[in-house]
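A.B. asks: One structure, pasted below without further comment.
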Amino acid sequence: MASSKGGNTTAHINTLHQRLYHALNLGFRRNEKEKKKWECTDIEIQRHVVRSILAFLDCFSRGTSNHRLIKDSVSDIAGALVFILGYQNRAVVGLAANVVISCQQLEVSLPCAVALNAILLNVRETKEKEVWKVFEDAKVVASVVGVLQNFSEGSMSVEWFQEMASVLSTIMLKWPQSRYSVWNNSSLMVMLESVSQKPDLGLRVATLKLYSSVALCGHGASELLDNGKPMLDMIISCMDDKSSPQNARIKALKLAQRLAAGNQECLKMINICSEPLVKATVRTMGKWFLSSGKLEHDQMSLLVEACKLALITRWEGKHHIYFWKYRISEALLSLVAENFRSLSLDGYASLEEEISVAEKVLNANFLPSLSSYVWDIIGFLAAHCEEEFDSILRGDELRLNFLVTCACLTFSRSVQKGYQICQNDIISASQSESASRAVLMMIYSPSKYISSRARLTLSFILGEDGEQNLNSLVNFLSYIPSSGGYILPNVLQTTVCLVGLACYSSIPQYASFILRNQGLEILLSFCSWYQRNRENIGASSFAPYPQSIAEKRMCCWACTEDWDNKDAFLLYALLALAELVNHSFSEQINAEELSLKREKVKDRLCTTLQEIRDGTYGSGPRWYAAHILSYFGYYGFQHKLGKRLMGAYEDEECSDMRLLFASGNSVSVNKIILAVRCPMLLPPEEGAHNGSIISTEKSQRTVQEVRMSANVDTLALVKLLEFAYSGYVEVESMTLKNLRALARHCKSKVLLQMLCRRRPKWGSSIPRIDLPLALTPKLIHFSDVILVPKETNMGGFNCRWCSSTSHHAHSHRVILSSGCEYLRALFRSGMQESHLDRLNVPVSWLGLTKLVNWFYSDELPNPPSGCKWNNMDTEAKLNELQAYVEIYSLTEWWIMEDLQNDCARVILSCLESARELSIKTIELAASFSMWKLVEAAADHAAPIYHQLRDSGELDELDDELVNLIRTAAVQFSQQGG
C-alpha cells in the first residue's frame, strides 16, 4: 500500500486507528435495540476523543480518503463529534469545530457541519460572548475561510461547500467581529465571484447566503458593490427566474435589500443594474396566483421581500423612471384588490363612482399585511416624481388614480377614527400611518398631475365632514403642549393628526378654517413643545416593518437619515405651518383675522424656525424651517464655513478682483470663491486678460477690475454675492424681483428656489458650500500657495497639476486665511514669508490632508471606523492618531480653537475604543507639551492601570507621567470604576 499523507506507513495508520477506538469506546453506549451510540459528558474524555480523531484523520490525504479504515470509522467519528458539539463545552467545542472544518472526509464533515450550524443558530444571547471567545482562541473563522477559499468544483462536493458556507454565514450573522476577516479576504471574494457564475443552483444559493451575511457590515457591502456586476447579475437571475426555488429567490431579494440599506450603497447598486433590478422586482410583485382563494405561504414570503426591496424608492435616483416603465401601479393594485383586472377602471363616469368601488375594495381587506408596503412605495414614487411626470404614464393614469383614491380613503378613515385608532392592532395601525404618509407625499409631490389629483380626491371624500374632522385634529393637537406632559398621548394618532393638518392646509378652504381657529398658533406651540421635549418623545414611526434579528446585528453602516425618520413629528407640523403661511400671504383677507400679522406671533415664529433651521434636527425639518423663513426675507442656511468666508468678503485686502458699477461704487471679491459658487460672475478668459490690473503697494498683489453693465442692480448683486459667500442672505421685499432675475441669470439654483418660494423636494439634502471644488482640476489654476508637510518616509508622489515629486497640497490664501487668524496675519505681514508661494506645515502628510479638508469643508475627516478600525494593528492606529495629535498641537500655534476641539473629540473617541493607545498618546502629547490632552489620555488609561503596570509599559514613561496615570486610576477606583 502506498504511503499516505506525511509519509505515514500502514503500521502507523493501524496504530492510530487502534488509539482512536480505544478513546471512542470510552463513550459508546447501547440502547434498548442494541444500537451503538456515542454519549459521554466527561470533558477530559471528550478532549481525548477529539485529539484522537484529529490525529487519525490527519494521516489521510484527499487521495486516500477511500481507505478502508476511513470508511469503517466514519459513522462512529461523526457520531462522537456531533454529540461533543451538541454538549457545547467551552473547553472542547472550539477544537471539535476545527476538526469538522479541516476534515476532508465528506461522510464525517457533512453531518458534523450540519450539527455545528444548528448549534450556532441556537446559541443563547447570554452565551454568545463565551462562544465567540472559544472560536477566537481556536481560530475557527480563519479555518473556515481557509478551506472555503480553496474550493474548486470537482475536488470538493457541492454539499460540502453549502454546509461550510452555511456555518460561516451563521457565524457572521451572530458575531459581527467575524465579518472583517471574510470581506477583507481578496482570495475568498474572488472565489465567491467565480462560484456565483456557476450554473449549479446549490452553489449560487450558498453564495447568496454568504454575501448576505457579509452585507450586514456596511464596509463589507461597499466592498461587494465596488466590483458588484457579477454578484448583481446573479441576484437578478435568481429573483427573476420562476424555475428557481423560493428560498433562492427570497435570499436574492434579501441580499439586494441589505446592499441598499444606505443611500450611497443603493446609488452604487442602481448605477450598475438599475433597469434589470427594478424589472425583476416589479415582476415578482405582480406575478403570483391564488390557490383555493388563498395565497400560498411561500408566495406571501416572496411578495413581502419584493415589497421591501421596492422601498428603494425612498432614495432619489434614476430607478424611479423604471418603476413607472414596468407598470408599478399595476403590480401595487394587484396587492390591494383581488381580481383587480375585473375592475373596469375606465368605466367610471365620476369620481363618486370610483370612490364607491374603492370603498368595496378596502372593505374586502385583501392581503392586509402588504398594504403598508403598497402605500409607502406609491408615496415615495410620488415624492420623487418630476414636475412633468404625466408624460411618462403611458396610459397608466387610471390605475394610479385608483391607488390615490384608495390611499385617500384609508387616510380619511384614520382621521375619522380619532381616539379609536388601536395601536395594538399592528397591521391596522401600520396601514393608517403609511396611507397617511403616502397621501402627504402625493399632495406635496412635484408632479402637478399627482398633486392635483390627490387634493381633488381628498376634498371630495371629506365633503361636508371636512371642518368637523379639522376641529377634532386641532383640538387634539392643542391638548399636547397644554397638558404639561413630555410624552405623546398616542403616537399613531399624533402622526395622523399632524399629517392630516399638513394635507388639509394645502386645500385653500380648509387652510382658511385652520387659520380662523388659531391653527397656526397651535402648530407653533407644538413645535416649541417638541423642541423642549425632543429627547423624551422617542420614535415618530409606528414601525410597521419590525427589524429582523439579522438587521439588528448590522454593523459599520453610517447612520442613514431618511428625510422623515428623524424628527418626523416636527417635519409634519412644519409642512402644515408652511401651507398656512403661504395661504395667508397669497389671500387678501382681513389682517386682523390673521395671527400671522400680529408682530408677537411673527417674532416668535421666526425665532422658533431659526432655531430649527440652525439646530441638529433632521434634514426635512431644517429645510422646511428655511422654506417658511423665506416668506419673511430670510434665505438659505447659516454655516460656520459661510461665516468664515464672509470675513474674507468684507476684507478688501483679501480680494483679487473688484467689480465696478456704473454708479461709481465697487465691491471687492475673490475669483476662487466666485469660480466655485457663482461662476457666471467671472469674466470670460479673454476679458480676464483684457481687464485692467492694478498693483497694491502693501502686499504687491494684483487686483483685476471688471466693469459691470449699467443694467445690473447694485443692491441685488451685493445680495447675490453675500449668498455666494455665506449660503445665507436677508433681503427686503423691494429687492426681491431684481435679485430673482439675477439669480436666474447666474444659475444660483438654491437661492432661486427660495426666492420663488418653491417647496423643497422630498429627500433634499441641506445645501453645502462646496469649496472642495476649488481643488479640482478645472479650478486648480486659481491656487496661489502650496502647503508642504514635514519630512515623510512615504514613497514617490505624483502631482496632477505640477512637476514636483515631493508631497504637497495646492491651496488658496483666501480660504486658509478665512479659517486661521495666524495665517491671515502672516499673509498680510509684508515679511518675506508673506510673499512665498510655499508654506511649510509641521504635520505629517496624513495630517496635512485632514487639515486641508477642514479648511475647505469645515469638517475634520474621521479615522476609519467599525470593523476597519478594530482590525487595524496598533502601529496603524497610532499613525492615524498621531495625525490628529499633530493637528491639535498646530492649532495652539495657529490659534484655531474650533479645530482643536474637533481634534480632541476624535482623539478621545479613538482612545475610548482602543485604550491600549493611551500610553503612546500620552508620550506623544507630552512631547508637544499638550498637557490638557495628556490629562485626558491619562483618564482613558486609568481603567487599565494595573494591566499597564504589570506589563511594564509604564516603565518607558517619565515619573511625572506615571504619577499622573496613577492619580487618575485612584480617582477612577474611588468613583466606583
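Numbering starts fresh at 1 for the residues of each chain in the C-alpha cells, the chains themselves are lettered A, B, ... in the order given, and ligands are numbered from 1 as they appear.
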Based on the backbone DSSP call, show me all residues of region 189-392 of chain A assigned helix (DSSP H, G or I), as a ChimeraX atom specification.
C.D. replies: /A:189-196,201-214,218-226,229-240,246-259,263-286,297-314,319-325,328-336,340-342,345-347,351-364,368-383,389-392
A.B. asks: I want to know what sits within 10 Å of Glu359 (chain A), based on only C-alpha atoms, with residues of the same chain fewer than 4 positions away left out; could you give that as a list of chain:residue names?
C.D. replies: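 In the requested format, the answer is A:Glu353, A:Glu354, A:Ile355, A:Asn363, A:Ala364, A:Thr405, A:Cys406, A:Leu409, A:Thr410.
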A.B. asks: Using only C-alpha atoms, determine which residues lie at most 12 Å from Asn122 (chain A), disregarding the query and same-chain residues fewer than 4 positions distant; provide the list as a list in words.
C.D. replies: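 Listed by chain and then number, they are Gly86, Gln88, Ala115, Leu116, Asn117, Ala118, Thr126, Lys127, Glu128, Val131, Thr170, Ile171 and Lys174 of chain A.
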A.B. asks: Take the selection from the previous step and output its residues with N, CA and C atoms, as a short mmCIF file (atom, residue, chain, number, x, y, z; two decimals), in the first residue's frame.
C.D. replies:
```cif
data_model
loop_
_atom_site.label_atom_id
_atom_site.label_comp_id
_atom_site.auth_asym_id
_atom_site.auth_seq_id
_atom_site.Cartn_x
_atom_site.Cartn_y
_atom_site.Cartn_z
N GLY A 86 -22.78 19.16 20.30
CA GLY A 86 -24.07 19.44 20.94
C GLY A 86 -23.95 19.69 22.43
N GLN A 88 -21.63 21.35 23.83
CA GLN A 88 -21.27 22.76 23.88
C GLN A 88 -20.37 23.13 25.06
N ALA A 115 -24.58 19.74 12.29
CA ALA A 115 -24.77 19.84 13.74
C ALA A 115 -24.20 21.15 14.28
N LEU A 116 -23.00 21.52 13.80
CA LEU A 116 -22.37 22.76 14.26
C LEU A 116 -23.21 23.97 13.91
N ASN A 117 -23.75 23.98 12.71
CA ASN A 117 -24.58 25.11 12.28
C ASN A 117 -25.84 25.22 13.13
N ALA A 118 -26.47 24.08 13.40
CA ALA A 118 -27.69 24.08 14.22
C ALA A 118 -27.39 24.59 15.62
N THR A 126 -27.09 35.24 25.88
CA THR A 126 -26.24 35.38 27.07
C THR A 126 -24.95 34.58 26.96
N LYS A 127 -24.92 33.61 26.04
CA LYS A 127 -23.74 32.75 25.90
C LYS A 127 -22.87 33.15 24.70
N GLU A 128 -23.32 34.16 23.95
CA GLU A 128 -22.63 34.47 22.69
C GLU A 128 -21.20 34.93 22.90
N VAL A 131 -19.02 31.86 23.64
CA VAL A 131 -18.78 31.03 22.45
C VAL A 131 -17.80 31.71 21.50
N THR A 170 -23.62 31.72 9.32
CA THR A 170 -24.22 31.80 10.66
C THR A 170 -23.29 32.50 11.64
N ILE A 171 -22.00 32.21 11.54
CA ILE A 171 -21.03 32.87 12.42
C ILE A 171 -21.06 34.38 12.19
N LYS A 174 -24.21 35.94 13.69
CA LYS A 174 -24.22 36.02 15.16
C LYS A 174 -23.16 36.96 15.71
#
```
A.B. asks: Near region 186-196 of chain A, within 12 Å and counting only C-alpha atoms, which residues show up once chain neighbours fewer than 3 positions away are dropped, as a PyMOL selection string?
C.D. replies: chain A and resi 142+144-153+158+161-162+165+180-183+199-211+214+220+223-238+252
A.B. asks: Can you measure CA of Arg258 (chain A) to CA of His384 (chain A) for me? One decimal in Å is fine.
C.D. replies: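 Going from CA of Arg258 (chain A) over to CA of His384 (chain A), I get 21.8 Å.
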A.B. asks: Give me the residues within 10 Å of Arg707 (chain A) as a ChimeraX atom specification, counting only C-alpha atoms and dropping any in the same chain fewer than 5 places off.
C.D. replies: /A:658-662,664,666,683,691-692
A.B. asks: Take the residues from that selection and put them in a file with N, CA and C atoms, as an mmCIF file, in the first residue's frame.
C.D. replies:
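Final output, saved to selection23.cif:
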```cif
data_model
loop_
_atom_site.group_PDB
_atom_site.id
_atom_site.type_symbol
_atom_site.label_atom_id
_atom_site.label_comp_id
_atom_site.auth_asym_id
_atom_site.auth_seq_id
_atom_site.Cartn_x
_atom_site.Cartn_y
_atom_site.Cartn_z
ATOM 1 N N ARG A 658 -12.153 93.333 -8.413
ATOM 2 C CA ARG A 658 -13.050 94.395 -7.985
ATOM 3 C C ARG A 658 -14.108 94.592 -9.068
ATOM 4 N N LEU A 659 -15.386 94.537 -8.654
ATOM 5 C CA LEU A 659 -16.492 94.754 -9.579
ATOM 6 C C LEU A 659 -16.886 96.226 -9.507
ATOM 7 N N LEU A 660 -16.812 96.927 -10.643
ATOM 8 C CA LEU A 660 -17.106 98.360 -10.703
ATOM 9 C C LEU A 660 -18.504 98.573 -11.290
ATOM 10 N N PHE A 661 -19.330 99.363 -10.578
ATOM 11 C CA PHE A 661 -20.692 99.626 -11.027
ATOM 12 C C PHE A 661 -20.768 100.979 -11.753
ATOM 13 N N ALA A 662 -21.800 101.112 -12.540
ATOM 14 C CA ALA A 662 -21.994 102.357 -13.300
ATOM 15 C C ALA A 662 -22.164 103.546 -12.367
ATOM 16 N N GLY A 664 -20.457 104.206 -9.865
ATOM 17 C CA GLY A 664 -19.170 104.606 -9.294
ATOM 18 C C GLY A 664 -18.789 103.789 -8.085
ATOM 19 N N SER A 666 -18.141 100.198 -5.944
ATOM 20 C CA SER A 666 -17.467 98.950 -6.301
ATOM 21 C C SER A 666 -17.568 97.961 -5.139
ATOM 22 N N PRO A 683 -15.503 87.030 -15.504
ATOM 23 C CA PRO A 683 -15.420 87.394 -16.927
ATOM 24 C C PRO A 683 -14.855 86.226 -17.727
ATOM 25 N N GLY A 691 -8.895 92.892 -18.807
ATOM 26 C CA GLY A 691 -9.266 93.753 -17.703
ATOM 27 C C GLY A 691 -8.053 94.492 -17.166
ATOM 28 N N SER A 692 -8.266 95.668 -16.583
ATOM 29 C CA SER A 692 -7.135 96.436 -16.060
ATOM 30 C C SER A 692 -6.610 95.789 -14.797
#
```
A.B. asks: Using only C-alpha atoms, which of the listed residues (A:Ser356, A:Val100, A:Asp784, A:Gln416) sits closest to His835 (chain A)?
C.D. replies: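 Closest to His835 (chain A), using only C-alpha atoms: A:Asp784.
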A.B. asks: Each residue of region 774-866 of chain A lying at most 12 Å from region 649-652 of chain A should get a row with its shortest atom-to-atom pair and the distance in Å to one decimal, counting only C-alpha atoms; could you produce that, ordered by chain and increasing number, as a tab-separated table?
C.D. replies:
```
residue	atom	partner	partner_atom	distance
A:Val814	CA	A:Tyr649	CA	9.5
A:Ile815	CA	A:Tyr649	CA	10.9
A:Ser817	CA	A:Asp651	CA	10.9
A:Ser818	CA	A:Tyr649	CA	9.4
A:Arg824	CA	A:Asp651	CA	10.8
A:Arg828	CA	A:Asp651	CA	11.7
```
A.B. asks: Do a neighbour search on Arg757 (chain A) at 9 Å with only C-alpha atoms, toss out local chain neighbours closer than 4 positions, and write the hits as a ChimeraX atom specification.
C.D. replies: /A:582,627-628,630-631,752-753
A.B. asks: With N, CA and C atoms retained, export the selected residues as a tab-separated table (two decimals), in the first residue's frame.
C.D. replies:
```tsv
chain	number	residue	atom	x	y	z
A	582	ASN	N	-48.14	80.31	3.58
A	582	ASN	CA	-48.33	80.57	2.15
A	582	ASN	C	-49.74	81.07	1.87
A	627	HIS	N	-37.59	77.14	4.44
A	627	HIS	CA	-38.60	77.47	3.43
A	627	HIS	C	-39.61	78.49	3.98
A	628	ILE	N	-40.07	78.27	5.20
A	628	ILE	CA	-41.04	79.21	5.79
A	628	ILE	C	-40.39	80.57	6.04
A	630	SER	N	-38.29	82.01	4.33
A	630	SER	CA	-38.14	82.78	3.08
A	630	SER	C	-39.30	83.73	2.88
A	631	TYR	N	-40.47	83.47	3.50
A	631	TYR	CA	-41.60	84.38	3.40
A	631	TYR	C	-41.34	85.68	4.17
A	752	LEU	N	-32.51	80.70	-6.03
A	752	LEU	CA	-33.69	80.93	-6.88
A	752	LEU	C	-34.89	80.15	-6.36
A	753	GLN	N	-34.66	78.92	-5.92
A	753	GLN	CA	-35.74	78.11	-5.37
A	753	GLN	C	-36.37	78.79	-4.17
```
A.B. asks: Restricting the calculation to only C-alpha atoms, which member of A:Ser528, A:Asn339, A:Ser432, A:Ser913 is positioned closest to Gln610 (chain A)?
C.D. replies: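 Of all the options, A:Ser528 lies closest to Gln610 (chain A).
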A.B. asks: Work out how far apart CA of Leu335 (chain A) and CA of Asn263 (chain A) are and give it in Å to one decimal.
C.D. replies: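 Result for CA of Leu335 (chain A) versus CA of Asn263 (chain A): 27.0 Å, one decimal.
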A.B. asks: Grab the CA of Glu722 (chain A) to CA of Pro767 (chain A) distance for me, in Å with one decimal place.
C.D. replies: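 If I compute the distance from CA of Glu722 (chain A) to CA of Pro767 (chain A), I get 15.4 Å.
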A.B. asks: Would you kindly return, as a list of chain:residue names, each protein, DNA or RNA residue with an atom no farther than 12 Å from any atom of Gln971 (chain A), considering only C-alpha atoms and excluding same-chain residues fewer than 3 positions away?
C.D. replies: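 Contacts, with the query itself left out: A:Ala938, A:Asp939, A:His940, A:Ala941, A:Ala942, A:Pro943, A:Tyr945, A:Leu964, A:Ile965, A:Arg966, A:Thr967, A:Ala968, A:Gln974, A:Gln975, A:Gly976, A:Gly977.
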A.B. asks: Per DSSP on the backbone, filter region 803-885 of chain A down to the residues in strand (DSSP E or B) and report them as a VMD selection string.
C.D. replies: chain A and resid 809 to 811 838 to 840
A.B. asks: In terms of the shortest atom-to-atom distance over only C-alpha atoms, which of A:Cys112, A:Ala97, A:Ile507, A:Ile443 is closest to Ala383 (chain A)?
C.D. replies: A:Ile443
